[in-house]
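File shown: model.pdb (PDB, C-alpha atoms).
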MODEL        1
ATOM      1  CA  MET M 694      98.615  70.175  97.240
ATOM      2  CA  ASP M 695      97.333  67.224  99.242
ATOM      3  CA  LEU M 696      97.454  67.488 103.012
ATOM      4  CA  PRO M 697     100.175  65.398 104.672
ATOM      5  CA  THR M 698      99.101  62.527 106.918
ATOM      6  CA  PHE M 699     100.382  60.614 109.933
ATOM      7  CA  ALA M 700     101.843  58.065 107.499
ATOM      8  CA  ASP M 701     103.868  60.877 105.925
ATOM      9  CA  VAL M 702     105.260  61.786 109.337
ATOM     10  CA  LEU M 703     106.379  58.184 109.866
ATOM     11  CA  VAL M 704     108.076  58.140 106.442
ATOM     12  CA  ALA M 705     109.738  61.481 107.158
ATOM     13  CA  ALA M 706     111.075  60.276 110.512
ATOM     14  CA  GLU M 707     112.791  57.323 108.853
ATOM     15  CA  ARG M 708     114.103  59.430 105.965
ATOM     16  CA  ILE M 709     115.770  62.032 108.149
ATOM     17  CA  ARG M 710     116.939  59.727 110.935
ATOM     18  CA  PRO M 711     120.591  59.576 109.735
ATOM     19  CA  HIS M 712     120.806  63.348 109.325
ATOM     20  CA  VAL M 713     119.269  64.924 112.457
ATOM     21  CA  HIS M 714     119.612  64.595 116.213
ATOM     22  CA  ARG M 715     117.171  62.654 118.326
ATOM     23  CA  THR M 716     116.973  65.483 120.825
ATOM     24  CA  PRO M 717     116.605  64.848 124.558
ATOM     25  CA  VAL M 718     113.492  65.323 126.663
ATOM     26  CA  ILE M 719     114.360  67.243 129.827
ATOM     27  CA  THR M 720     112.373  67.859 133.008
ATOM     28  CA  CYS M 721     112.774  70.503 135.716
ATOM     29  CA  GLU M 722     111.196  70.239 139.168
ATOM     30  CA  SER M 723     111.230  73.980 139.832
ATOM     31  CA  LEU M 724     109.335  74.692 136.603
ATOM     32  CA  ASP M 725     106.870  71.931 137.480
ATOM     33  CA  ARG M 726     106.172  73.677 140.774
ATOM     34  CA  LEU M 727     105.679  77.046 139.078
ATOM     35  CA  ALA M 728     103.326  75.552 136.494
ATOM     36  CA  GLY M 729     101.462  73.234 138.824
ATOM     37  CA  ALA M 730     101.913  70.580 136.159
ATOM     38  CA  ARG M 731     104.465  67.961 135.081
ATOM     39  CA  LEU M 732     106.465  69.328 132.140
ATOM     40  CA  PHE M 733     108.484  67.362 129.581
ATOM     41  CA  CYS M 734     110.543  69.604 127.308
ATOM     42  CA  LYS M 735     111.611  68.331 123.874
ATOM     43  CA  CYS M 736     114.872  70.183 123.286
ATOM     44  CA  GLU M 737     114.892  71.161 119.621
ATOM     45  CA  ASN M 738     117.195  74.014 120.637
ATOM     46  CA  LEU M 739     119.824  71.244 120.616
ATOM     47  CA  GLN M 740     118.879  70.147 117.096
ATOM     48  CA  LYS M 741     121.120  70.548 114.041
ATOM     49  CA  VAL M 742     121.249  74.259 113.049
ATOM     50  CA  GLY M 743     119.834  74.964 116.493
ATOM     51  CA  ALA M 744     116.160  74.514 115.611
ATOM     52  CA  PHE M 745     113.420  72.066 114.612
ATOM     53  CA  LYS M 746     113.622  73.510 111.080
ATOM     54  CA  ALA M 747     116.364  70.976 110.316
ATOM     55  CA  ARG M 748     113.731  68.233 110.280
ATOM     56  CA  GLY M 749     111.385  69.647 107.649
ATOM     57  CA  ALA M 750     114.106  70.989 105.368
ATOM     58  CA  THR M 751     115.997  67.687 105.448
ATOM     59  CA  ASN M 752     112.855  65.718 104.634
ATOM     60  CA  ALA M 753     112.033  67.995 101.706
ATOM     61  CA  VAL M 754     115.544  67.819 100.250
ATOM     62  CA  PHE M 755     116.013  64.056 100.585
ATOM     63  CA  ALA M 756     112.555  63.322  99.173
ATOM     64  CA  LEU M 757     113.524  64.835  95.791
ATOM     65  CA  SER M 758     114.308  62.546  92.877
ATOM     66  CA  GLU M 759     117.902  62.537  91.640
ATOM     67  CA  GLU M 760     116.964  64.389  88.461
ATOM     68  CA  VAL M 761     115.086  67.138  90.293
ATOM     69  CA  ALA M 762     117.639  67.389  93.100
ATOM     70  CA  ARG M 763     120.494  68.110  90.694
ATOM     71  CA  ARG M 764     118.932  71.490  89.914
ATOM     72  CA  GLY M 765     119.042  72.413  93.592
ATOM     73  CA  VAL M 766     116.582  73.930  96.014
ATOM     74  CA  ALA M 767     115.582  77.514  96.745
ATOM     75  CA  THR M 768     113.746  79.511  99.377
ATOM     76  CA  HIS M 769     113.320  82.976 100.807
ATOM     77  CA  SER M 770     114.093  83.218 104.494
ATOM     78  CA  SER M 771     116.132  85.246 106.935
ATOM     79  CA  GLY M 772     115.759  82.747 109.738
ATOM     80  CA  ASN M 773     116.323  79.151 110.780
ATOM     81  CA  HIS M 774     114.758  77.671 107.626
ATOM     82  CA  ALA M 775     117.449  79.259 105.455
ATOM     83  CA  ALA M 776     120.260  77.610 107.397
ATOM     84  CA  ALA M 777     118.366  74.318 107.631
ATOM     85  CA  LEU M 778     117.808  74.153 103.870
ATOM     86  CA  ALA M 779     121.424  75.075 103.133
ATOM     87  CA  ARG M 780     122.634  72.336 105.467
ATOM     88  CA  ALA M 781     120.300  69.703 104.009
ATOM     89  CA  ALA M 782     121.367  70.620 100.478
ATOM     90  CA  ARG M 783     125.030  70.356 101.424
ATOM     91  CA  LEU M 784     124.428  66.884 102.862
ATOM     92  CA  ARG M 785     122.892  65.825  99.552
ATOM     93  CA  GLY M 786     125.549  67.562  97.487
ATOM     94  CA  ILE M 787     123.230  69.963  95.680
ATOM     95  CA  PRO M 788     123.049  73.784  95.560
ATOM     96  CA  ALA M 789     120.794  75.796  97.861
ATOM     97  CA  HIS M 790     119.734  79.258  96.712
ATOM     98  CA  VAL M 791     118.554  81.488  99.537
ATOM     99  CA  VAL M 792     116.942  84.884  99.033
ATOM    100  CA  MET M 793     117.596  87.031 102.099
ATOM    101  CA  PRO M 794     116.574  90.634 102.764
ATOM    102  CA  ALA M 795     119.334  93.211 103.100
ATOM    103  CA  SER M 796     118.169  93.755 106.682
ATOM    104  CA  ALA M 797     118.900  90.152 107.737
ATOM    105  CA  PRO M 798     121.246  89.975 110.743
ATOM    106  CA  PRO M 799     124.877  89.300 109.739
ATOM    107  CA  VAL M 800     124.979  86.288 112.073
ATOM    108  CA  LYS M 801     122.178  84.642 110.072
ATOM    109  CA  ARG M 802     123.882  85.367 106.749
ATOM    110  CA  ARG M 803     127.064  83.797 108.100
ATOM    111  CA  ALA M 804     125.147  80.707 109.189
ATOM    112  CA  VAL M 805     123.681  80.206 105.695
ATOM    113  CA  GLU M 806     127.045  80.823 104.040
ATOM    114  CA  GLY M 807     128.693  78.443 106.490
ATOM    115  CA  TYR M 808     126.448  75.654 105.228
ATOM    116  CA  GLY M 809     127.251  76.505 101.620
ATOM    117  CA  GLY M 810     124.067  78.398 100.796
ATOM    118  CA  LEU M 811     124.163  80.746  97.808
ATOM    119  CA  ILE M 812     122.641  84.036  98.996
ATOM    120  CA  THR M 813     120.811  86.516  96.803
ATOM    121  CA  THR M 814     120.048  89.775  98.584
ATOM    122  CA  CYS M 815     116.780  91.663  98.109
ATOM    123  CA  GLU M 816     114.887  94.579  99.606
ATOM    124  CA  PRO M 817     113.247  93.847 102.972
ATOM    125  CA  THR M 818     109.679  93.419 101.706
ATOM    126  CA  LEU M 819     107.625  90.309 101.010
ATOM    127  CA  ALA M 820     107.045  91.430  97.421
ATOM    128  CA  ALA M 821     110.799  91.782  96.861
ATOM    129  CA  ARG M 822     111.457  88.367  98.388
ATOM    130  CA  GLU M 823     108.895  86.661  96.168
ATOM    131  CA  THR M 824     109.954  88.473  92.990
ATOM    132  CA  THR M 825     113.635  87.743  93.586
ATOM    133  CA  LEU M 826     112.917  84.111  94.413
ATOM    134  CA  ALA M 827     110.884  83.702  91.210
ATOM    135  CA  ALA M 828     113.834  85.035  89.208
ATOM    136  CA  VAL M 829     116.261  82.662  90.944
ATOM    137  CA  VAL M 830     114.002  79.651  90.337
ATOM    138  CA  ALA M 831     113.525  80.618  86.678
ATOM    139  CA  ALA M 832     117.276  80.951  86.176
ATOM    140  CA  THR M 833     118.318  77.761  87.985
ATOM    141  CA  GLY M 834     115.383  75.364  87.802
ATOM    142  CA  ALA M 835     115.709  74.878  91.559
ATOM    143  CA  THR M 836     112.788  73.499  93.572
ATOM    144  CA  PHE M 837     111.155  75.992  95.921
ATOM    145  CA  VAL M 838     110.930  74.660  99.492
ATOM    146  CA  HIS M 839     108.512  76.812 101.480
ATOM    147  CA  PRO M 840     109.438  77.391 105.129
ATOM    148  CA  TYR M 841     106.150  75.926 106.379
ATOM    149  CA  ASN M 842     103.420  75.644 103.725
ATOM    150  CA  ASP M 843     104.868  72.460 102.233
ATOM    151  CA  PRO M 844     103.647  68.874 102.884
ATOM    152  CA  LEU M 845     107.169  67.446 103.163
ATOM    153  CA  VAL M 846     108.284  70.210 105.517
ATOM    154  CA  ILE M 847     105.220  69.732 107.735
ATOM    155  CA  ALA M 848     105.731  65.965 107.855
ATOM    156  CA  GLY M 849     109.364  66.411 108.815
ATOM    157  CA  GLN M 850     108.515  68.803 111.635
ATOM    158  CA  GLY M 851     106.076  66.230 113.008
ATOM    159  CA  SER M 852     108.939  63.859 113.774
ATOM    160  CA  ALA M 853     109.803  65.911 116.885
ATOM    161  CA  ALA M 854     106.445  65.118 118.510
ATOM    162  CA  LEU M 855     106.771  61.526 117.332
ATOM    163  CA  GLU M 856     110.005  61.187 119.309
ATOM    164  CA  LEU M 857     108.526  63.005 122.306
ATOM    165  CA  LEU M 858     105.582  60.603 122.526
ATOM    166  CA  ALA M 859     107.809  57.566 122.032
ATOM    167  CA  GLU M 860     109.791  58.635 125.101
ATOM    168  CA  VAL M 861     106.867  59.942 127.180
ATOM    169  CA  PRO M 862     103.784  58.092 125.909
ATOM    170  CA  ASP M 863     101.199  59.137 128.499
ATOM    171  CA  LEU M 864     100.992  62.892 127.983
ATOM    172  CA  ASP M 865      97.728  64.753 128.519
ATOM    173  CA  LEU M 866      98.748  67.680 126.358
ATOM    174  CA  VAL M 867     101.428  68.729 123.869
ATOM    175  CA  MET M 868     102.215  72.404 123.303
ATOM    176  CA  ALA M 869     104.168  73.983 120.451
ATOM    177  CA  PRO M 870     104.652  77.564 119.274
ATOM    178  CA  VAL M 871     102.872  78.707 116.120
ATOM    179  CA  GLY M 872     103.934  81.228 113.502
ATOM    180  CA  GLY M 873     103.458  79.868 110.007
ATOM    181  CA  GLY M 874     102.152  76.671 111.572
ATOM    182  CA  GLY M 875     104.557  74.067 110.192
ATOM    183  CA  LEU M 876     105.678  72.782 113.584
ATOM    184  CA  LEU M 877     102.207  72.844 115.143
ATOM    185  CA  SER M 878     100.680  71.146 112.078
ATOM    186  CA  GLY M 879     103.268  68.383 112.136
ATOM    187  CA  THR M 880     102.726  68.031 115.869
ATOM    188  CA  VAL M 881      98.968  67.638 115.367
ATOM    189  CA  LEU M 882      99.513  64.908 112.756
ATOM    190  CA  ALA M 883     101.961  63.004 114.968
ATOM    191  CA  VAL M 884      99.917  63.275 118.164
ATOM    192  CA  THR M 885      96.533  62.375 116.651
ATOM    193  CA  GLY M 886      98.123  59.412 114.875
ATOM    194  CA  LEU M 887     100.107  58.046 117.801
ATOM    195  CA  SER M 888      98.156  59.154 120.873
ATOM    196  CA  PRO M 889      94.605  60.257 119.960
ATOM    197  CA  ARG M 890      93.627  61.027 123.550
ATOM    198  CA  THR M 891      96.462  63.554 123.910
ATOM    199  CA  ARG M 892      95.347  67.131 123.265
ATOM    200  CA  VAL M 893      97.354  69.635 121.202
ATOM    201  CA  VAL M 894      97.476  73.342 121.983
ATOM    202  CA  GLY M 895      99.378  76.071 120.179
ATOM    203  CA  ALA M 896     101.104  79.042 121.797
ATOM    204  CA  GLU M 897     101.476  82.497 120.318
ATOM    205  CA  PRO M 898     102.488  86.007 121.372
ATOM    206  CA  ALA M 899      99.453  88.142 122.189
ATOM    207  CA  ALA M 900     101.044  90.821 120.012
ATOM    208  CA  ALA M 901     101.078  88.439 117.028
ATOM    209  CA  ASP M 902      97.952  86.345 117.558
ATOM    210  CA  ASP M 903      96.903  85.956 113.918
ATOM    211  CA  ALA M 904      96.759  82.138 114.226
ATOM    212  CA  ARG M 905      94.380  82.390 117.172
ATOM    213  CA  GLN M 906      92.213  84.819 115.239
ATOM    214  CA  SER M 907      92.345  82.665 112.106
ATOM    215  CA  LEU M 908      91.118  79.543 113.879
ATOM    216  CA  GLU M 909      88.395  81.434 115.727
ATOM    217  CA  LEU M 910      87.136  83.251 112.614
ATOM    218  CA  GLY M 911      87.483  80.307 110.225
ATOM    219  CA  ARG M 912      89.671  82.167 107.737
ATOM    220  CA  ILE M 913      93.351  83.087 107.490
ATOM    221  CA  VAL M 914      94.002  86.429 109.159
ATOM    222  CA  PRO M 915      97.134  88.034 107.697
ATOM    223  CA  SER M 916     100.069  88.955 109.899
ATOM    224  CA  LEU M 917     100.594  92.700 109.495
ATOM    225  CA  ASP M 918     104.167  93.287 110.705
ATOM    226  CA  PRO M 919     103.506  92.474 114.380
ATOM    227  CA  GLN M 920     106.044  93.719 116.905
ATOM    228  CA  THR M 921     107.098  90.906 119.212
ATOM    229  CA  VAL M 922     110.324  89.687 120.757
ATOM    230  CA  ALA M 923     109.422  86.231 119.391
ATOM    231  CA  ASP M 924     110.605  87.097 115.879
ATOM    232  CA  GLY M 925     110.206  83.527 114.609
ATOM    233  CA  LEU M 926     106.433  83.735 115.112
ATOM    234  CA  ARG M 927     105.642  86.839 113.070
ATOM    235  CA  THR M 928     104.412  84.976 109.974
ATOM    236  CA  CYS M 929     100.793  83.997 109.317
ATOM    237  CA  LEU M 930      99.343  80.548 108.635
ATOM    238  CA  GLY M 931      99.522  79.065 105.144
ATOM    239  CA  GLU M 932      96.699  77.301 103.336
ATOM    240  CA  LEU M 933      98.017  73.842 104.249
ATOM    241  CA  THR M 934      98.770  74.586 107.874
ATOM    242  CA  PHE M 935      95.416  76.322 108.360
ATOM    243  CA  ALA M 936      93.599  73.322 106.873
ATOM    244  CA  ILE M 937      95.432  70.913 109.195
ATOM    245  CA  LEU M 938      95.020  72.956 112.360
ATOM    246  CA  ARG M 939      91.380  73.882 111.819
ATOM    247  CA  GLY M 940      89.266  71.498 113.845
ATOM    248  CA  ARG M 941      92.223  69.445 115.085
ATOM    249  CA  VAL M 942      94.117  71.723 117.443
ATOM    250  CA  GLU M 943      92.275  72.437 120.692
ATOM    251  CA  GLY M 944      93.148  76.112 120.632
ATOM    252  CA  ILE M 945      95.856  78.744 120.822
ATOM    253  CA  LEU M 946      96.978  80.216 124.145
ATOM    254  CA  THR M 947      98.739  83.577 124.104
ATOM    255  CA  ALA M 948     101.363  85.284 126.236
ATOM    256  CA  GLU M 949     102.294  88.928 126.692
ATOM    257  CA  GLU M 950     105.763  90.208 125.819
ATOM    258  CA  HIS M 951     106.981  90.468 129.415
ATOM    259  CA  GLU M 952     105.739  86.929 130.059
ATOM    260  CA  ILE M 953     107.706  85.591 127.075
ATOM    261  CA  VAL M 954     110.915  87.274 128.256
ATOM    262  CA  ALA M 955     110.381  85.992 131.803
ATOM    263  CA  ALA M 956     109.778  82.433 130.560
ATOM    264  CA  MET M 957     112.883  82.580 128.364
ATOM    265  CA  ARG M 958     114.941  83.661 131.347
ATOM    266  CA  LEU M 959     113.421  80.909 133.491
ATOM    267  CA  VAL M 960     114.544  78.261 131.001
ATOM    268  CA  TRP M 961     118.053  79.718 130.918
ATOM    269  CA  GLU M 962     118.301  79.950 134.714
ATOM    270  CA  ARG M 963     116.461  76.830 135.868
ATOM    271  CA  MET M 964     117.116  74.371 133.008
ATOM    272  CA  LYS M 965     120.509  75.739 131.910
ATOM    273  CA  LEU M 966     119.294  75.712 128.309
ATOM    274  CA  VAL M 967     119.785  78.449 125.721
ATOM    275  CA  VAL M 968     116.456  79.032 123.984
ATOM    276  CA  GLU M 969     115.292  81.820 121.704
ATOM    277  CA  PRO M 970     112.202  83.903 122.534
ATOM    278  CA  SER M 971     109.933  81.932 120.176
ATOM    279  CA  ALA M 972     110.807  78.710 121.991
ATOM    280  CA  ALA M 973     109.795  80.227 125.328
ATOM    281  CA  VAL M 974     106.286  81.158 124.179
ATOM    282  CA  PRO M 975     104.628  77.794 125.086
ATOM    283  CA  LEU M 976     106.014  77.939 128.625
ATOM    284  CA  ALA M 977     104.970  81.581 128.918
ATOM    285  CA  ALA M 978     101.452  80.751 127.738
ATOM    286  CA  LEU M 979     101.250  77.764 130.064
ATOM    287  CA  LEU M 980     102.294  79.854 133.081
ATOM    288  CA  ALA M 981      99.845  82.598 132.092
ATOM    289  CA  HIS M 982      97.014  80.043 131.951
ATOM    290  CA  ARG M 983      98.210  77.651 134.665
ATOM    291  CA  ASP M 984      94.740  77.377 136.174
ATOM    292  CA  ARG M 985      93.514  75.653 132.981
ATOM    293  CA  LEU M 986      96.401  73.187 132.851
ATOM    294  CA  ALA M 987      96.989  72.361 136.502
ATOM    295  CA  GLY M 988      97.855  68.763 137.298
ATOM    296  CA  LEU M 989      98.407  67.724 133.682
ATOM    297  CA  ARG M 990     101.370  65.974 132.089
ATOM    298  CA  VAL M 991     102.430  68.436 129.395
ATOM    299  CA  GLY M 992     104.933  68.013 126.582
ATOM    300  CA  ILE M 993     106.505  71.269 125.375
ATOM    301  CA  ILE M 994     108.519  71.558 122.181
ATOM    302  CA  LEU M 995     111.360  74.014 122.758
ATOM    303  CA  SER M 996     111.597  74.993 119.114
ATOM    304  CA  GLY M 997     115.046  76.570 118.865
ATOM    305  CA  GLY M 998     118.056  78.187 120.487
ATOM    306  CA  ASN M 999     119.330  80.683 117.930
ATOM    307  CA  VAL M1000     119.526  83.930 119.833
ATOM    308  CA  ASP M1001     121.816  86.929 119.446
ATOM    309  CA  LEU M1002     123.856  86.869 122.652
ATOM    310  CA  ASP M1003     124.670  90.561 122.239
ATOM    311  CA  ARG M1004     120.969  91.501 122.225
ATOM    312  CA  LEU M1005     119.344  89.524 125.026
ATOM    313  CA  PRO M1006     115.863  90.824 125.952
ATOM    314  CA  TRP M1007     116.691  91.390 129.621
TER
ENDMDL
END

Encoded form using structure tokens:
Amino acid sequence: MDLPTFADVLVAAERIRPHVHRTPVITCESLDRLAGARLFCKCENLQKVGAFKARGATNAVFALSEEVARRGVATHSSGNHAAALARAARLRGIPAHVVMPASAPPVKRRAVEGYGGLITTCEPTLAARETTLAAVVAATGATFVHPYNDPLVIAGQGSAALELLAEVPDLDLVMAPVGGGGLLSGTVLAVTGLSPRTRVVGAEPAAADDARQSLELGRIVPSLDPQTVADGLRTCLGELTFAILRGRVEGILTAEEHEIVAAMRLVWERMKLVVEPSAAVPLAALLAHRDRLAGLRVGIILSGGNVDLDRLPW
């Protein structure tokens, strides 16, 4: 697959414009004081399906030709991508087949079903997910839309940073969380295309720092079932996202588990915003490394707000 470009991000932004929110950018003086920097938070927790994933999935679905789209789309996911793909497919009037592990939280199954997704349950292993997905695709002819290692998905995710820079054009730095790397890759494409002087830094849990290791070692380091409260960041980079990030992202800052929980609570208390642990990782990393970022104007992408209110981490 060819790597997506800044031009692809611009096309994606226009394609998905009627179907996603242009989320607000919010500031908070008390967080600025804590960070010693000026923070501008792009609130993708207020996006459709509660996460930035709506952007990439919608771009991938609406880019399909009529003939291909009629056969539907498919993916394996127990998270935000599953709901995002189901919603995008419903908007286009095509089926969405979602392979979900039996261990997936009931609330996430209900979200996918609520958007009309057709769920196939499998054992909670990567091998089972991939085998079951292959069988579904063979039976239906549906197009597989990868959660992050897909050019159209990456381009769609980049539209968040595009909007951020359009609203706040003079940023020194943009930070985004990194798991599989779709959001950070799209962010890199948007920022380097629109504001080349602006630096891009990823943020990752120290307990799941495979992306940091991958970029430092020059090869993809697999994610071996890391234990972190930021469950959306447990996946490893894909071939496309690794190729985009390598040499273009300034680096990956990490945060410890207690720092992620504290940052999540800060956003809830000070900004009155519901964010999930993964979305709090950039703020946690920034606060943990405030001496390196002092005095800067920093854009932070708050990636999502889908959190189980009965299992808050404090």

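Here the question is which of M:Val829, M:Leu979, M:Ala797, M:Leu739 gets nearest to Arg764 of chain M using only C-alpha atoms, and that residue is M:Val829.
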
**Study point:** Residue IDs satisfying the PyMOL selection byres ((chain M and resi 723) around 12), as a PyMOL selection string
**Key:** chain M and resi 720-722+724-732+959-960+962-964

**Study point:** Proximity to Pro870 of chain M - best of M:Glu823, M:Asp984, M:Glu897, M:Asp902, only C-alpha atoms
**Key:**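 Nearest candidate to Pro870 of chain M out of M:Glu823, M:Asp984, M:Glu897, M:Asp902: M:Glu897.
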
Practice item. Give as a list of chain:residue names the residues that the PyMOL selection byres ((chain M and resi 912) around 10) matches when applied to the coordinates above. Key: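 When the PyMOL selection byres ((chain M and resi 912) around 10) is applied to the shown file, the picked residues are M:Ala904, M:Gln906, M:Ser907, M:Leu908, M:Glu909, M:Leu910, M:Gly911, M:Ile913, M:Val914, M:Pro915, M:Leu930, M:Glu932, M:Phe935, M:Ala936, M:Arg939.
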
Kindly assemble as a tab-separated table a list of the segment 808-832 of chain M residues that lie within 8 Å of segment 779-785 of chain M, each paired with its nearest atom pair and their distance in Å to one decimal, using all atoms listed in the file, sorted first by chain and then by ascending residue number.
residue	atom	partner	partner_atom	distance
M:Tyr808	CA	M:Arg780	CA	5.1
M:Gly809	CA	M:Ala779	CA	6.2
M:Gly810	CA	M:Ala779	CA	4.8

Practice item. Using the chain letters and numbers from the file, give me the residues hit by the PyMOL selection byres ((chain M and resi 742-747) around 7), as a VMD selection string. Key: chain M and resid 737 to 741 748 to 751 773 to 774 776 to 777 850 996 to 999

Check your understanding: So which one's closest to Ala832 of chain M, M:Pro889, M:Gly765, M:Gly873, M:Gly931? Using only C-alpha atoms, please.
Key -> M:Gly765

Check your understanding: At what distance in Å, to one decimal, does atom CA of Val754 of chain M lie from atom CA of Ala795 of chain M?
Key ->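 Rounded to one decimal, the two atoms are 25.8 Å apart.
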